[in-house]
file data-v1.csv (CSV, C-alpha atoms)
chain,number,residue,atom,x,y,z
A,1,MET,CA,45.5,131.3,137.2
A,2,THR,CA,43.5,128.0,137.2
A,3,ASP,CA,40.5,127.5,135.1
A,4,LEU,CA,37.1,127.4,136.9
A,5,PRO,CA,35.2,124.0,136.5
A,6,THR,CA,33.0,123.5,133.5
A,7,SER,CA,31.7,120.1,134.2
A,8,PHE,CA,28.9,119.4,136.7
A,9,ALA,CA,26.7,116.4,137.4
A,10,ASP,CA,23.6,118.6,137.1
A,11,ARG,CA,22.2,122.1,137.6
A,12,GLU,CA,22.0,121.6,141.4
A,13,ALA,CA,25.7,120.6,141.5
A,14,LEU,CA,26.6,123.8,139.6
A,15,ALA,CA,24.4,125.9,141.9
A,16,ASP,CA,26.1,124.4,144.9
A,17,TYR,CA,29.5,125.1,143.6
A,18,LEU,CA,28.5,128.7,142.8
A,19,ARG,CA,26.9,129.3,146.2
A,20,GLN,CA,30.3,128.5,147.7
A,21,ALA,CA,32.7,130.0,145.2
A,22,PHE,CA,30.7,133.3,144.9
A,23,ALA,CA,29.4,133.4,148.5
A,24,ASP,CA,30.1,137.1,148.6
A,25,PHE,CA,27.5,137.7,146.0
A,26,ALA,CA,24.7,135.8,147.8
A,27,GLU,CA,21.3,137.5,147.8
A,28,GLY,CA,19.7,136.0,150.9
A,29,ASP,CA,18.8,132.5,152.1
A,30,ALA,CA,16.2,131.4,149.6
A,31,PRO,CA,17.6,129.4,146.7
A,32,PRO,CA,17.3,131.2,143.5
A,33,ALA,CA,14.5,129.9,141.1
A,34,THR,CA,15.8,131.4,138.0
A,35,LEU,CA,15.4,130.7,134.3
A,36,PRO,CA,18.3,128.5,133.2
A,37,GLY,CA,21.2,130.1,131.2
A,38,GLY,CA,22.3,128.9,127.8
A,39,ARG,CA,21.1,128.6,124.3
A,40,ARG,CA,19.4,125.2,124.8
A,41,ALA,CA,17.1,126.8,127.5
A,42,ALA,CA,16.2,129.6,125.1
A,43,GLU,CA,15.2,127.2,122.2
A,44,PRO,CA,11.8,126.1,123.6
A,45,LEU,CA,11.0,129.8,124.4
A,46,LEU,CA,11.9,130.8,120.9
A,47,GLU,CA,9.7,127.9,119.5
A,48,ALA,CA,6.8,129.1,121.7
A,49,VAL,CA,6.8,132.7,120.5
A,50,ASP,CA,3.3,133.4,119.2
A,51,PRO,CA,3.3,137.0,117.9
A,52,PRO,CA,-0.5,137.5,117.4
A,53,LEU,CA,-1.2,136.0,120.9
A,54,TYR,CA,1.5,138.1,122.3
A,55,ALA,CA,-0.1,141.3,120.8
A,56,ARG,CA,-3.5,140.4,122.3
A,57,THR,CA,-2.4,139.3,125.8
A,58,ARG,CA,1.0,140.8,126.6
A,59,ASN,CA,-0.4,143.5,129.0
A,60,HIS,CA,-2.0,140.8,131.3
A,61,LEU,CA,0.4,139.3,133.9
A,62,ASP,CA,-0.4,135.9,132.6
A,63,GLY,CA,-0.2,137.0,129.0
A,64,ALA,CA,1.9,135.2,126.3
A,65,VAL,CA,5.1,137.2,126.8
A,66,THR,CA,8.2,135.6,125.5
A,67,ARG,CA,10.5,135.6,128.6
A,68,LEU,CA,13.4,135.9,126.1
A,69,SER,CA,14.7,139.1,127.7
A,70,PRO,CA,17.5,137.5,129.8
A,71,TYR,CA,18.7,135.7,126.6
A,72,LEU,CA,18.5,138.8,124.5
A,73,ARG,CA,20.2,140.9,127.1
A,74,HIS,CA,23.2,138.6,127.1
A,75,GLY,CA,23.4,138.1,123.4
A,76,ILE,CA,22.5,134.4,123.6
A,77,VAL,CA,19.7,135.2,121.2
A,78,THR,CA,19.6,138.3,118.9
A,79,LEU,CA,16.8,140.8,118.2
A,80,ALA,CA,17.3,140.0,114.5
A,81,GLU,CA,16.8,136.3,115.0
A,82,VAL,CA,13.6,136.8,117.0
A,83,ARG,CA,12.3,139.2,114.5
A,84,ASP,CA,13.0,136.8,111.6
A,85,ARG,CA,11.2,134.0,113.2
A,86,ALA,CA,8.2,136.1,114.1
A,87,LEU,CA,8.0,137.4,110.5
A,88,ALA,CA,8.3,133.9,109.2
A,89,THR,CA,5.4,132.6,111.3
A,90,SER,CA,3.2,135.6,111.4
A,91,GLY,CA,4.1,138.2,108.8
A,92,GLU,CA,2.4,141.5,109.4
A,93,ARG,CA,0.8,140.2,112.6
A,94,ALA,CA,4.3,140.2,114.1
A,95,ALA,CA,4.2,144.0,114.1
A,96,LYS,CA,3.6,144.5,117.9
A,97,LEU,CA,6.3,142.0,118.9
A,98,VAL,CA,8.8,143.7,116.5
A,99,ASN,CA,7.8,147.1,117.9
A,100,GLU,CA,8.6,145.8,121.4
A,101,LEU,CA,11.9,144.4,120.2
A,102,GLY,CA,12.6,147.9,118.9
A,103,TRP,CA,12.5,149.2,122.4
A,104,ARG,CA,15.6,147.2,123.3
A,105,ASP,CA,17.4,148.4,120.1
A,106,TYR,CA,16.4,152.0,120.9
A,107,TYR,CA,17.6,151.8,124.5
A,108,GLN,CA,20.9,150.3,123.4
A,109,ARG,CA,21.4,153.1,121.0
A,110,ALA,CA,20.5,155.7,123.6
A,111,HIS,CA,23.0,154.1,126.1
A,112,ALA,CA,25.8,154.1,123.5
A,113,LYS,CA,25.2,157.8,123.2
A,114,LEU,CA,24.8,158.6,126.9
A,115,GLY,CA,27.3,156.3,128.5
A,116,GLN,CA,27.2,156.8,132.3
A,117,ARG,CA,24.7,159.6,131.9
A,118,VAL,CA,21.9,156.9,131.8
A,119,TRP,CA,22.2,157.5,135.6
A,120,GLU,CA,21.3,161.1,135.3
A,121,ASP,CA,17.9,162.8,134.7
A,122,GLN,CA,17.6,163.2,131.0
A,123,GLU,CA,15.1,166.0,131.4
A,124,PRO,CA,13.4,167.9,134.3
A,125,SER,CA,10.7,165.9,135.9
A,126,LYS,CA,7.1,166.8,135.0
A,127,THR,CA,5.7,166.1,138.4
A,128,GLY,CA,6.0,169.7,139.7
A,129,LEU,CA,8.3,168.4,142.5
A,130,ASP,CA,11.9,169.2,143.1
A,131,ALA,CA,14.8,166.7,143.3
A,132,ALA,CA,14.9,167.5,147.1
A,133,ASP,CA,11.3,166.1,147.5
A,134,TYR,CA,12.6,162.6,146.6
A,135,ALA,CA,14.4,160.3,149.2
A,136,SER,CA,17.8,159.0,148.2
A,137,ASP,CA,17.3,155.5,149.5
A,138,LEU,CA,14.8,152.7,148.9
A,139,PRO,CA,12.8,152.1,152.1
A,140,PRO,CA,13.9,148.6,153.4
A,141,GLU,CA,10.3,147.4,153.7
A,142,VAL,CA,9.8,147.9,149.9
A,143,GLU,CA,12.9,145.8,149.1
A,144,ARG,CA,11.9,143.1,151.6
A,145,GLY,CA,8.4,142.9,150.3
A,146,GLU,CA,6.9,144.1,153.6
A,147,THR,CA,4.8,147.1,152.8
A,148,SER,CA,1.4,145.3,153.5
A,149,LEU,CA,0.4,146.0,149.9
A,150,ALA,CA,-0.1,142.5,148.6
A,151,CYS,CA,0.7,143.3,144.9
A,152,ILE,CA,3.9,145.3,145.5
A,153,ASP,CA,5.1,142.8,148.1
A,154,ALA,CA,4.5,139.9,145.8
A,155,PHE,CA,6.4,141.6,143.0
A,156,ALA,CA,9.3,142.5,145.2
A,157,ARG,CA,9.6,138.9,146.4
A,158,ASP,CA,9.3,137.5,142.9
A,159,LEU,CA,12.0,139.8,141.8
A,160,ALA,CA,14.4,138.7,144.5
A,161,ARG,CA,13.6,135.0,144.0
A,162,THR,CA,13.4,134.6,140.3
A,163,GLY,CA,15.2,137.6,138.8
A,164,TYR,CA,12.3,138.2,136.5
A,165,LEU,CA,9.2,140.4,136.5
A,166,HIS,CA,6.5,140.9,133.8
A,167,ASN,CA,6.9,144.4,132.3
A,168,HIS,CA,3.7,145.7,133.8
A,169,ALA,CA,4.8,144.5,137.3
A,170,ARG,CA,8.0,146.5,136.7
A,171,MET,CA,6.0,149.6,135.8
A,172,TYR,CA,3.7,149.2,138.8
A,173,VAL,CA,6.6,148.8,141.2
A,174,ALA,CA,8.6,151.7,139.6
A,175,ALA,CA,5.5,154.0,139.8
A,176,TYR,CA,4.9,153.0,143.4
A,177,VAL,CA,8.6,153.7,144.4
A,178,VAL,CA,9.0,157.0,142.6
A,179,HIS,CA,5.5,158.6,142.8
A,180,TRP,CA,3.8,157.0,145.9
A,181,ARG,CA,7.0,156.8,148.1
A,182,ARG,CA,8.8,159.7,146.5
A,183,VAL,CA,12.1,157.9,146.1
A,184,ARG,CA,14.7,158.9,143.5
A,185,TRP,CA,14.4,156.6,140.5
A,186,GLN,CA,18.1,155.8,140.7
A,187,ALA,CA,17.5,153.9,144.0
A,188,GLY,CA,14.9,151.8,142.4
A,189,ALA,CA,16.9,151.2,139.2
A,190,ALA,CA,19.9,150.0,141.2
A,191,TRP,CA,17.6,147.6,143.1
A,192,PHE,CA,16.2,146.1,139.9
A,193,LEU,CA,19.7,145.8,138.4
A,194,ARG,CA,20.8,143.8,141.4
A,195,HIS,CA,18.1,141.2,140.8
A,196,LEU,CA,16.9,141.1,137.2
A,197,LEU,CA,18.5,138.5,135.0
A,198,ASP,CA,17.9,140.8,132.0
A,199,GLY,CA,19.1,143.8,134.0
A,200,ASP,CA,20.9,146.3,131.7
A,201,PRO,CA,21.4,150.0,132.6
A,202,ALA,CA,20.1,150.9,129.1
A,203,SER,CA,16.5,149.4,129.2
A,204,ASN,CA,16.3,149.5,133.0
A,205,ASN,CA,17.4,153.0,133.8
A,206,LEU,CA,15.7,154.6,130.9
A,207,SER,CA,12.5,152.8,131.7
A,208,TRP,CA,12.6,154.0,135.3
A,209,GLN,CA,13.2,157.5,133.9
A,210,TRP,CA,10.2,157.0,131.6
A,211,VAL,CA,8.0,156.2,134.6
A,212,ALA,CA,9.6,159.1,136.6
A,213,SER,CA,9.0,161.5,133.7
A,214,THR,CA,12.6,162.5,133.3
A,215,PHE,CA,12.6,160.7,129.9
A,216,SER,CA,8.9,161.2,128.9
A,217,HIS,CA,6.2,163.9,128.7
A,218,LYS,CA,4.4,162.9,131.9
A,219,PRO,CA,4.7,160.7,134.9
A,220,TYR,CA,3.4,157.1,134.6
A,221,ILE,CA,0.9,156.1,137.2
A,222,PHE,CA,-1.6,153.3,137.4
A,223,ASN,CA,-4.7,152.7,139.5
A,224,ARG,CA,-6.3,149.7,141.3
A,225,ALA,CA,-8.8,149.1,138.5
A,226,ASN,CA,-5.9,148.8,136.0
A,227,LEU,CA,-3.9,146.5,138.2
A,228,GLU,CA,-7.0,144.3,139.0
A,229,ARG,CA,-7.7,143.9,135.3
A,230,ALA,CA,-4.1,142.9,134.6
A,231,THR,CA,-3.9,140.4,137.5
A,232,ASP,CA,-7.5,139.1,137.7
A,233,GLY,CA,-7.6,140.7,141.1
A,234,ARG,CA,-5.5,137.9,142.6
A,235,TYR,CA,-3.5,140.3,144.9
A,236,CYS,CA,-6.4,142.4,146.0
A,237,ARG,CA,-8.6,139.5,147.2
A,238,ASP,CA,-6.5,138.9,150.3
A,239,CYS,CA,-4.6,142.2,150.6
A,240,PRO,CA,-4.4,143.5,154.1
A,241,SER,CA,-4.6,147.0,152.7
A,242,ALA,CA,-7.5,146.4,150.4
A,243,ARG,CA,-9.8,148.8,152.3
A,244,ASP,CA,-7.2,151.5,152.4
A,245,CYS,CA,-5.6,150.9,149.0
A,246,PRO,CA,-3.4,153.8,147.9
A,247,PHE,CA,-4.0,152.9,144.3
A,248,ALA,CA,-7.8,153.2,144.5
A,249,GLY,CA,-9.4,156.1,142.6
A,250,SER,CA,-9.5,157.6,139.1
A,251,TYR,CA,-6.4,158.7,137.4
A,252,GLU,CA,-7.4,162.3,138.0
A,253,GLU,CA,-7.9,161.8,141.7
A,254,LEU,CA,-4.6,160.0,142.0
A,255,ALA,CA,-2.7,162.6,140.0
A,256,ALA,CA,-4.2,165.4,142.2
A,257,ARG,CA,-3.0,163.5,145.3
A,258,LEU,CA,0.5,162.6,144.0
A,259,PHE,CA,1.3,165.8,142.2
A,260,PRO,CA,-0.4,168.6,144.1
A,261,GLU,CA,2.0,171.2,142.6
A,262,LEU,CA,0.7,170.5,139.1
A,263,GLU,CA,-2.9,171.2,140.3
A,264,ARG,CA,-1.7,174.6,141.7
A,265,VAL,CA,-0.1,175.5,138.4
A,266,ALA,CA,-3.2,174.5,136.4
B,1,MET,CA,47.6,136.6,113.0
B,2,ARG,CA,46.5,134.3,115.8
B,3,ALA,CA,43.3,135.3,117.6
B,4,ILE,CA,41.4,134.5,120.7
B,5,VAL,CA,37.8,135.3,121.6
B,6,TRP,CA,37.1,137.3,124.7
B,7,LEU,CA,33.6,136.5,125.6
B,8,HIS,CA,31.8,139.1,127.8
B,9,GLU,CA,28.2,139.1,129.1
B,10,ASP,CA,26.8,141.4,126.4
B,11,GLY,CA,27.4,138.7,123.8
B,12,LEU,CA,27.5,135.2,125.1
B,13,ARG,CA,27.6,133.2,121.9
B,14,LEU,CA,30.3,131.8,119.6
B,15,ASP,CA,28.6,131.2,116.3
B,16,ASP,CA,31.2,131.8,113.6
B,17,CYS,CA,34.3,131.6,115.9
B,18,ARG,CA,33.8,128.2,117.5
B,19,GLU,CA,37.3,127.0,116.4
B,20,LEU,CA,39.1,129.7,118.4
B,21,PRO,CA,40.2,129.5,122.0
B,22,ALA,CA,37.6,131.5,124.0
B,23,LEU,CA,37.8,133.0,127.5
B,24,PHE,CA,35.3,134.5,129.9
B,25,VAL,CA,36.5,136.3,133.1
B,26,PHE,CA,34.4,136.7,136.3
B,27,ASP,CA,35.8,140.0,137.5
B,28,ASP,CA,34.6,140.5,141.1
B,29,ALA,CA,35.4,144.2,141.2
B,30,LEU,CA,33.5,144.8,137.9
B,31,MET,CA,30.6,142.7,139.0
B,32,ARG,CA,30.3,144.6,142.2
B,33,ARG,CA,30.3,147.9,140.3
B,34,LEU,CA,27.6,146.6,138.0
B,35,GLY,CA,25.6,145.3,141.0
B,36,TYR,CA,25.5,141.6,140.0
B,37,GLY,CA,24.3,139.0,142.5
B,38,LEU,CA,24.4,135.2,142.5
B,39,LYS,CA,21.3,134.8,140.3
B,40,ARG,CA,23.0,136.6,137.4
B,41,ILE,CA,26.3,134.8,138.0
B,42,THR,CA,24.4,131.5,137.8
B,43,PHE,CA,22.7,132.4,134.6
B,44,ILE,CA,26.0,133.5,133.0
B,45,TYR,CA,27.9,130.4,134.3
B,46,GLU,CA,25.3,128.0,132.9
B,47,THR,CA,25.6,129.7,129.6
B,48,LEU,CA,29.4,129.4,129.6
B,49,VAL,CA,29.3,125.7,130.6
B,50,GLU,CA,27.1,125.0,127.6
B,51,LEU,CA,29.5,127.0,125.3
B,52,GLU,CA,32.5,124.9,126.6
B,53,VAL,CA,34.8,127.9,126.9
B,54,THR,CA,37.6,128.6,129.4
B,55,ILE,CA,36.3,130.4,132.6
B,56,ARG,CA,38.7,132.3,134.9
B,57,ARG,CA,38.3,134.7,137.7
B,58,GLY,CA,40.3,137.9,138.3
B,59,ASP,CA,41.0,141.3,136.7
B,60,THR,CA,39.5,141.2,133.2
B,61,ALA,CA,42.3,142.9,131.3
B,62,SER,CA,45.1,140.9,133.1
B,63,GLU,CA,43.4,137.6,132.5
B,64,VAL,CA,42.7,138.3,128.8
B,65,GLN,CA,46.3,139.2,128.3
B,66,ARG,CA,47.5,136.1,130.1
B,67,PHE,CA,45.2,133.9,128.1
B,68,ALA,CA,46.2,135.6,124.8
B,69,ALA,CA,49.9,135.0,125.7
B,70,GLU,CA,49.2,131.3,126.4
B,71,HIS,CA,47.9,131.0,122.9
B,72,GLY,CA,50.4,133.4,121.3
B,73,ALA,CA,47.5,135.6,120.1
B,74,GLU,CA,47.8,139.2,118.9
B,75,THR,CA,44.1,139.6,117.9
B,76,LEU,CA,41.1,139.8,120.2
B,77,ARG,CA,37.7,138.9,118.7
B,78,LEU,CA,34.8,140.2,120.7
B,79,ARG,CA,31.1,141.1,120.4
B,80,PRO,CA,30.1,144.8,120.4
B,81,THR,CA,29.0,146.3,123.7
B,82,VAL,CA,27.7,149.7,124.9
B,83,CYS,CA,28.6,149.1,128.5
B,84,PRO,CA,30.9,152.0,129.5
B,85,GLU,CA,32.9,149.9,132.0
B,86,ARG,CA,33.6,147.3,129.3
B,87,LEU,CA,34.4,149.9,126.7
B,88,ALA,CA,37.1,151.3,129.0
B,89,ILE,CA,38.6,147.8,129.3
B,90,ILE,CA,38.5,147.4,125.5
B,91,ALA,CA,40.3,150.7,125.1
B,92,ASP,CA,42.9,149.5,127.5
B,93,LEU,CA,43.4,146.1,125.7
B,94,ALA,CA,43.5,147.9,122.4
B,95,ARG,CA,47.0,149.2,123.4
B,96,HIS,CA,48.2,145.5,123.3
B,97,PHE,CA,46.0,143.8,120.7
B,98,ALA,CA,44.3,144.3,117.4
B,99,ILE,CA,40.6,144.4,118.2
B,100,ASP,CA,38.3,142.6,115.8
B,101,GLU,CA,34.6,143.3,116.6
B,102,LEU,CA,32.4,140.5,115.4
B,103,PRO,CA,29.5,141.5,113.2
B,104,GLU,CA,26.0,141.4,114.7
B,105,PRO,CA,23.0,140.4,112.7
B,106,VAL,CA,21.3,143.7,111.8
B,107,PHE,CA,18.0,144.6,113.4
B,108,VAL,CA,17.8,147.9,111.7
B,109,THR,CA,20.4,150.1,110.0
B,110,ALA,CA,19.9,153.5,111.6
B,111,PRO,CA,20.5,156.8,109.8
B,112,GLU,CA,23.5,158.7,111.0
B,113,ARG,CA,21.7,161.5,112.8
B,114,LEU,CA,18.9,159.5,114.5
B,115,ASP,CA,16.8,161.4,117.0
B,116,LEU,CA,16.7,159.3,120.2
B,117,LYS,CA,14.8,161.8,122.5
B,118,ARG,CA,11.7,159.7,122.2
B,119,PHE,CA,11.0,156.1,121.1
B,120,SER,CA,8.3,157.4,118.8
B,121,ARG,CA,10.8,159.5,116.8
B,122,TYR,CA,13.2,156.6,116.5
B,123,TRP,CA,10.4,154.3,115.4
B,124,ARG,CA,9.0,156.7,112.8
B,125,ARG,CA,12.5,156.4,111.1
B,126,VAL,CA,13.1,152.7,111.4
B,127,GLY,CA,9.8,151.0,112.1
B,128,ALA,CA,9.1,150.0,108.5
B,129,GLN,CA,12.6,148.7,108.1
B,130,ALA,CA,12.4,146.6,111.3
B,131,MET,CA,9.6,144.6,109.6
B,132,LEU,CA,12.0,143.4,107.0
B,133,PRO,CA,13.9,140.1,107.6
B,134,THR,CA,17.6,140.4,108.3
B,135,ALA,CA,18.5,139.1,104.8
B,136,LYS,CA,16.8,142.2,103.4
B,137,GLN,CA,18.4,144.7,105.7
B,138,GLY,CA,20.8,147.2,103.9
call {"tool": "encode", "arguments": {"input": "data-v1.csv", "output": "structure tokens"}}
result
Amino acid sequence: MTDLPTSFADREALADYLRQAFADFAEGDAPPATLPGGRRAAEPLLEAVDPPLYARTRNHLDGAVTRLSPYLRHGIVTLAEVRDRALATSGERAAKLVNELGWRDYYQRAHAKLGQRVWEDQEPSKTGLDAADYASDLPPEVERGETSLACIDAFARDLARTGYLHNHARMYVAAYVVHWRRVRWQAGAAWFLRHLLDGDPASNNLSWQWVASTFSHKPYIFNRANLERATDGRYCRDCPSARDCPFAGSYEELAARLFPELERVA
Amino acid sequence: MRAIVWLHEDGLRLDDCRELPALFVFDDALMRRLGYGLKRITFIYETLVELEVTIRRGDTASEVQRFAAEHGAETLRLRPTVCPERLAIIADLARHFAIDELPEPVFVTAPERLDLKRFSRYWRRVGAQAMLPTAKQG
């Protein structure tokens, strides 16, 4: 067996080589715009970690999130290392960041215990719906970013192009797929794993299950006001569906619409 | 005993084993099963180029065995993983090699019977410990 090349003039030459050598794995025509691999690329991100600012702004889509997840997922950087740096610069004010690092450790431990069962419902869903109420496949317009919902479409395209989404964008898309479109979470989880640079069945699948309520006490939903706050309304301004937004309304109204069986029981 | 490092994508760093021959295998069948696309392959490949390790393509277990034979190695050093597919490959390779799992820096040392049903239960047990630097982990 011959060795694969390890010397390239630049990133573009490497990308050209891979596009040809791994053509079977291509994901469409658009050139990928991904974070670069390697420890050197992670260094400036590590340097930039600002734990108190992270704690204050991380729920906003422009917040000071670390973007270290692809490097953590591949063991290029370790949780312990990020924690130690955060403690050194910020002491107790690193608590929120350390807590979020804890989620990855938690999901890894859960995956070690569950193995392939991360693909199965961990608990019955709390939506009042049966498994038969959920479609098996992801609707193609969701994957292509052609639902006419500006927010969801932008997230789907960002995912395919960059291999990265802010955590809240992931939660919005997952809630939309599972609760608004009534698609099995496994279909959405597999879609994310195909694209996310940090994709890992542990964090990914168990987070989808958390949204679906098969690994939590209740289904996660969001509303338009929440999304507008987290995005400064940038998607809603020119959204073709703005007048007929499926996310508009209070949480109570949305829950009544999405989970009618729960109302009946109550 | 001579050793090689088998690098896999759950632990793409060398650290304390830079002096050993190291191999990464792009295994098409496995990547298809795991749902990898070109973006992921590119990210991993860039990381490997920086690490200056040997990169090959084929069936993982066969390529690891071939590389080990080229270096007369009887021990495989590798990073821990929880990936079921990779654990199966390691179990297979363990029939031919001594497996030496490289130690990871400790985030938290969890108690034996840790309740993982909810994050909140896990965090109640380990949250305070997680706020200690690695040097002070038990």
call {"tool": "residues_around", "arguments": {"input": "data-v1.csv", "residues": "Val53 (chain B)", "least_positions_apart": "5", "cutoff": "12 Å", "atoms": "only C-alpha atoms", "output": "ChimeraX atom specification"}}
result
/A:3-7 /B:4-8,12-14,17-25,45-48
call {"tool": "interface_residues", "arguments": {"input": "data-v1.csv", "of": "chain B", "to": "chain A", "cutoff": "9 Å", "atoms": "only C-alpha atoms", "output": "MDAnalysis selection string"}}
result
chainID B and resid 8:13 32 34:58 63 66 79 81:85 104:108 116:119 122:123 126:127 130:134
call {"tool": "axis_aligned_box", "arguments": {"input": "data-v1.csv", "around": "region 132-135 of chain A", "padding_each_side": "5 Å", "output": "lines of an AutoDock Vina configuration file"}}
result
center_x = 13.1
center_y = 163.9
center_z = 147.9
size_x = 13.6
size_y = 17.2
size_z = 12.6
call {"tool": "atom_distance", "arguments": {"input": "data-v1.csv", "atom1": "CA of Arg243 (chain A)", "atom2": "CA of Leu149 (chain A)"}}
result
10.8 Å
call {"tool": "residues_around", "arguments": {"input": "data-v1.csv", "residues": "Arg95 (chain B)", "least_positions_apart": "6", "cutoff": "12 Å", "atoms": "only C-alpha atoms", "output": "list in words"}}
result
Ala61, Gln65, Glu74, Thr75, Leu76, Ala88 and Ile89 of chain B
call {"tool": "residues_around", "arguments": {"input": "data-v1.csv", "residues": "Cys151 (chain A)", "least_positions_apart": "2", "cutoff": "12 Å", "atoms": "only C-alpha atoms", "output": "mmCIF file with C-alpha atoms, in the frame of the given file"}}
result
data_model
loop_
_atom_site.group_PDB
_atom_site.id
_atom_site.type_symbol
_atom_site.label_atom_id
_atom_site.label_comp_id
_atom_site.auth_asym_id
_atom_site.auth_seq_id
_atom_site.Cartn_x
_atom_site.Cartn_y
_atom_site.Cartn_z
ATOM 1 C CA LEU A 61 0.400 139.300 133.900
ATOM 2 C CA VAL A 142 9.800 147.900 149.900
ATOM 3 C CA GLY A 145 8.400 142.900 150.300
ATOM 4 C CA GLU A 146 6.900 144.100 153.600
ATOM 5 C CA THR A 147 4.800 147.100 152.800
ATOM 6 C CA SER A 148 1.400 145.300 153.500
ATOM 7 C CA LEU A 149 0.400 146.000 149.900
ATOM 8 C CA ASP A 153 5.100 142.800 148.100
ATOM 9 C CA ALA A 154 4.500 139.900 145.800
ATOM 10 C CA PHE A 155 6.400 141.600 143.000
ATOM 11 C CA ALA A 156 9.300 142.500 145.200
ATOM 12 C CA ARG A 157 9.600 138.900 146.400
ATOM 13 C CA ASP A 158 9.300 137.500 142.900
ATOM 14 C CA HIS A 168 3.700 145.700 133.800
ATOM 15 C CA ALA A 169 4.800 144.500 137.300
ATOM 16 C CA ARG A 170 8.000 146.500 136.700
ATOM 17 C CA TYR A 172 3.700 149.200 138.800
ATOM 18 C CA VAL A 173 6.600 148.800 141.200
ATOM 19 C CA TYR A 176 4.900 153.000 143.400
ATOM 20 C CA ARG A 224 -6.300 149.700 141.300
ATOM 21 C CA LEU A 227 -3.900 146.500 138.200
ATOM 22 C CA GLU A 228 -7.000 144.300 139.000
ATOM 23 C CA ALA A 230 -4.100 142.900 134.600
ATOM 24 C CA THR A 231 -3.900 140.400 137.500
ATOM 25 C CA ASP A 232 -7.500 139.100 137.700
ATOM 26 C CA GLY A 233 -7.600 140.700 141.100
ATOM 27 C CA ARG A 234 -5.500 137.900 142.600
ATOM 28 C CA TYR A 235 -3.500 140.300 144.900
ATOM 29 C CA CYS A 236 -6.400 142.400 146.000
ATOM 30 C CA ARG A 237 -8.600 139.500 147.200
ATOM 31 C CA ASP A 238 -6.500 138.900 150.300
ATOM 32 C CA CYS A 239 -4.600 142.200 150.600
ATOM 33 C CA PRO A 240 -4.400 143.500 154.100
ATOM 34 C CA SER A 241 -4.600 147.000 152.700
ATOM 35 C CA ALA A 242 -7.500 146.400 150.400
ATOM 36 C CA CYS A 245 -5.600 150.900 149.000
ATOM 37 C CA PRO A 246 -3.400 153.800 147.900
ATOM 38 C CA PHE A 247 -4.000 152.900 144.300
#
call {"tool": "atom_distance", "arguments": {"input": "data-v1.csv", "atom1": "CA of Ala21 (chain A)", "atom2": "CA of Asp28 (chain B)"}}
result
11.4 Å
call {"tool": "residues_around", "arguments": {"input": "data-v1.csv", "residues": "region 137-140 of chain A", "least_positions_apart": "6", "cutoff": "7 Å", "atoms": "all atoms listed in the file", "output": "list in words"}}
result
Val183, Ala187 and Gly188 of chain A
call {"tool": "closest_residue", "arguments": {"input": "data-v1.csv", "among": "A:Arg104, A:Glu263, A:Val211, A:Asn226", "to": "Ser250 (chain A)", "atoms": "all atoms listed in the file"}}
result
A:Asn226
call {"tool": "atom_distance", "arguments": {"input": "data-v1.csv", "atom1": "CA of Trp185 (chain A)", "atom2": "CA of Asp130 (chain A)"}}
result
13.1 Å
call {"tool": "residues_around", "arguments": {"input": "data-v1.csv", "residues": "Ala131 (chain A)", "least_positions_apart": "2", "cutoff": "10 Å", "atoms": "all atoms listed in the file", "output": "list in words"}}
result
Asp121, Pro124, Ser125, Gly128, Leu129, Asp133, Tyr134, Ala135, Ser136, Arg182, Val183 and Arg184 of chain A
call {"tool": "write_last_selection", "arguments": {"input": "data-v1.csv", "atoms": "C-alpha atoms", "output": "mmCIF file, in the coordinates of the input"}}
result
data_model
loop_
_atom_site.group_PDB
_atom_site.id
_atom_site.type_symbol
_atom_site.label_atom_id
_atom_site.label_comp_id
_atom_site.auth_asym_id
_atom_site.auth_seq_id
_atom_site.Cartn_x
_atom_site.Cartn_y
_atom_site.Cartn_z
ATOM 1 C CA ASP A 121 17.900 162.800 134.700
ATOM 2 C CA PRO A 124 13.400 167.900 134.300
ATOM 3 C CA SER A 125 10.700 165.900 135.900
ATOM 4 C CA GLY A 128 6.000 169.700 139.700
ATOM 5 C CA LEU A 129 8.300 168.400 142.500
ATOM 6 C CA ASP A 133 11.300 166.100 147.500
ATOM 7 C CA TYR A 134 12.600 162.600 146.600
ATOM 8 C CA ALA A 135 14.400 160.300 149.200
ATOM 9 C CA SER A 136 17.800 159.000 148.200
ATOM 10 C CA ARG A 182 8.800 159.700 146.500
ATOM 11 C CA VAL A 183 12.100 157.900 146.100
ATOM 12 C CA ARG A 184 14.700 158.900 143.500
#
call {"tool": "closest_residue", "arguments": {"input": "data-v1.csv", "among": "B:Phe26, B:Ala73, B:Ala128, B:Asp16", "to": "Pro103 (chain B)", "atoms": "all atoms listed in the file"}}
result
B:Asp16
call {"tool": "closest_residue", "arguments": {"input": "data-v1.csv", "among": "B:Ala135, B:Ala29, B:Leu102, B:Leu114", "to": "Arg77 (chain B)", "atoms": "all atoms listed in the file"}}
result
B:Leu102
call {"tool": "closest_residue", "arguments": {"input": "data-v1.csv", "among": "A:Glu47, A:Asp16, A:Asp10, A:Glu100", "to": "Ser120 (chain B)", "atoms": "only C-alpha atoms"}}
result
A:Glu100
